[in-house]
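Chemist: The structure's right below; bear with me while I get my questions together.
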Amino acid sequence: MSGPARRAISGTAFATLLLIALMMGANHVAARIAFNDGVDVATAVVFRSVITACVIAALLVAQRVPVNFSPRHRRMLPLIGLLIGIQSLFLYSSVARLPVALALLAFNTYPIWTALWAGLVYRQAPERALLIAMPVILLGLALALDVFGAASGLDAAGQWAGIGAGVAFALGAAGTFGLALVITQHEAADVDGRVRTATTMSIAGLVALSAVASQGGFHLPQQAAGWWGLSALTLLYGTAFTIMFTVLPRLGVVGNSAIMNVEPVCALVLAWLILGQAIAPVQVAGALLVVGAVMVLGLRKR
């Protein structure tokens with residue numbers, strides 16, 4: 001096993017990845033606080049995306065990163081930004097309706113969607129490891145979402161009446177994110193990660209701005225708690241992305257390392273501590289099954 005992709009990461013890199021996962025999980029908990037105080041999804045995505053784009057753009061200027069787009073990049077980067085904008089709206093819509101950890105778990109099915117899109121768009125057969133992991137991920141998700149209502153004391157119809165819309169938004173976010181990953185890998189992998197992030201966040205912000213305009217304007221917090229939530233989600237998301245594209249490359253760690261898939265577990269703990277959101281033990285077991293399967297996929301030898 002040779003090359004940087006095969007080396008064991010350092011303790012500093014591992015701690016940095018866990019910090020990013022914690023911040024991303026906390027970002028969604030902060031978003032739920034903002035939503036509970038009158039902020040709508042589009043407003044949250046605008047604040048998060050535009051400010052993150054400005055921070056990354058400032059880094060590009062400070063570090064004098066060259067920005068050169070080929071004709072293919074000019075065609076594909078707007079599409080990737082559009083998909084990420086839709087994904088952001090869908091995921092926050094799920095967080096507004098479901099317990100935060102469950103929304104993120106349903107979103108964590110994106111490796112399955114990535115394989116499906118790769119097969120449909122680029123005729124790539126799914127890897128054997130993913131075929132093995134798929135039923136494990138789906139079983140864990142079924143347990144975590146309590147699809148038959150056993151843990152909640154409801155029947156299946158009653159359970160889905162409560163979670164159906166939130167699950168649909170989370171799976172929609174996973175599907176659009178999976179497509180964005182596939183297109184990025186095949187059409188824009190050679191673009192500097194900082195440049196790609198600044199472009200993506202800018203377009204995602206424009207997508208959210210159009211949603212804000214369609215609903216008659218911004219829906220801002222009504223009380224201090226909502227402002228704290230909106231500020232925290234923006235700060236946490238922007239900081240996590242800044243670390244991802246400035247610190248991690250120096251540590252020799254790819255930005256989408258599987259270790260960061262512990263984000264739903266971080267969100268589960270934070271949502272319990274801060275929001276009082278608790279789920280049944282069988283749902284926790286399902287959550288750990290999903291996270292474990294996704295991490296194994298990400299850490300497998302290639």
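How things are named: the first chain in the structure tokens is A, the next is B, and so on; residues count from 1 in each chain; ligands count from 1 in the order shown.
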Would you kindly return, as a list in words, each protein, DNA or RNA residue with an atom no farther than 7 Å from any atom of Val262 in chain A, considering only C-alpha atoms and excluding same-chain residues fewer than 4 positions away?
Modeler: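 These residues fall inside the cut-off: Ala21, Cys266 and Val291 of chain A.
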Chemist: Find the spatial neighbours of Leu268 in chain A, counting only C-alpha atoms, within a cut-off of 10 Å - ignore same-chain residues fewer than 3 positions away - and output them as a PyMOL selection string.
Modeler: chain A and resi 25-26+29+99-102+104-105+262-265+271-273+277-279+284+287
Chemist: Please produce an output containing N, CA and C atoms for each residue in the selection, written as a CSV table (one decimal), in the first residue's frame.
Modeler:
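Now in again37.csv:
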chain,number,residue,atom,x,y,z
A,25,GLY,N,-22.5,18.7,12.1
A,25,GLY,CA,-23.7,18.3,12.9
A,25,GLY,C,-24.3,19.4,13.7
A,26,ALA,N,-23.4,20.2,14.3
A,26,ALA,CA,-23.9,21.3,15.1
A,26,ALA,C,-24.6,22.4,14.2
A,29,VAL,N,-28.1,21.4,13.9
A,29,VAL,CA,-28.9,21.6,15.2
A,29,VAL,C,-29.2,23.1,15.3
A,99,PRO,N,-36.4,14.8,13.5
A,99,PRO,CA,-35.3,14.9,14.4
A,99,PRO,C,-34.0,15.0,13.6
A,100,VAL,N,-33.1,15.9,14.0
A,100,VAL,CA,-31.9,16.3,13.2
A,100,VAL,C,-31.1,15.0,12.7
A,101,ALA,N,-30.9,14.1,13.7
A,101,ALA,CA,-30.1,13.0,13.4
A,101,ALA,C,-30.7,12.1,12.3
A,102,LEU,N,-32.0,12.0,12.4
A,102,LEU,CA,-32.7,11.1,11.4
A,102,LEU,C,-32.7,11.7,10.0
A,104,LEU,N,-30.3,13.6,8.9
A,104,LEU,CA,-28.9,13.3,8.3
A,104,LEU,C,-28.7,11.9,8.0
A,105,LEU,N,-29.3,11.0,8.7
A,105,LEU,CA,-29.1,9.5,8.4
A,105,LEU,C,-29.8,9.2,7.0
A,262,VAL,N,-19.4,10.5,10.6
A,262,VAL,CA,-19.9,10.4,11.9
A,262,VAL,C,-20.8,11.6,12.3
A,263,GLU,N,-20.9,12.5,11.3
A,263,GLU,CA,-21.7,13.7,11.5
A,263,GLU,C,-23.1,13.4,12.1
A,264,PRO,N,-23.9,12.4,11.6
A,264,PRO,CA,-25.2,12.1,12.2
A,264,PRO,C,-25.1,11.7,13.7
A,265,VAL,N,-24.0,11.0,14.1
A,265,VAL,CA,-23.8,10.7,15.5
A,265,VAL,C,-23.6,11.9,16.3
A,271,ALA,N,-28.3,17.1,19.4
A,271,ALA,CA,-29.8,17.4,19.4
A,271,ALA,C,-30.4,16.9,20.7
A,272,TRP,N,-29.9,15.8,21.3
A,272,TRP,CA,-30.4,15.4,22.5
A,272,TRP,C,-30.1,16.3,23.7
A,273,LEU,N,-28.8,16.9,23.6
A,273,LEU,CA,-28.4,17.8,24.7
A,273,LEU,C,-29.1,19.1,24.6
A,277,GLN,N,-34.2,16.3,21.7
A,277,GLN,CA,-34.6,15.2,20.8
A,277,GLN,C,-34.0,13.9,21.1
A,278,ALA,N,-34.9,12.9,21.5
A,278,ALA,CA,-34.4,11.6,21.8
A,278,ALA,C,-35.0,10.6,20.9
A,279,ILE,N,-34.3,9.5,20.6
A,279,ILE,CA,-34.9,8.4,19.8
A,279,ILE,C,-34.7,7.1,20.6
A,284,VAL,N,-31.3,4.1,17.6
A,284,VAL,CA,-29.9,4.4,17.8
A,284,VAL,C,-29.0,3.3,17.1
A,287,ALA,N,-29.1,3.8,13.5
A,287,ALA,CA,-28.2,4.9,13.1
A,287,ALA,C,-26.8,4.5,13.0
Chemist: Given only C-alpha atoms as the basis, pick out the residue of A:Val50, A:Ala161, A:Val182, A:Ala151 nearest to Gln283 in chain A.
Modeler: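 Closest to Gln283 in chain A, using only C-alpha atoms: A:Ala151.
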Chemist: Which residues, written as a PyMOL selection string, have at least one atom at most 10 Å from range 189-205 of chain A, with only C-alpha atoms counted and residues fewer than 4 positions away on the same chain left out?
Modeler: chain A and resi 42-60+65-70+73+77-89+181-185+209-211+241-242+244-246+249+255
Chemist: Could you pull out the alpha helix (DSSP H) residues of range 5-81 of chain A from DSSP and send them as a PyMOL selection string?
Modeler: chain A and resi 11-35+41-62+71-81
Chemist: At a cut-off of 8 Å, using only C-alpha atoms, what residues contact His28 in chain A? Leave out same-chain residues fewer than 6 positions from it and give the result as a count of residues only.
Modeler: 5
Chemist: Near Asp40 in chain A, counting only C-alpha atoms, which residues have an atom at most 8 Å away, once you skip same-chain residues fewer than 4 positions from it, shown as a list in words?
Modeler: Phe35, Ala44, Phe218, His219 and Leu220 of chain A
Chemist: Do you have the CA of Gly38 in chain A-CA of Pro221 in chain A distance handy?
Modeler: 5.2 Å
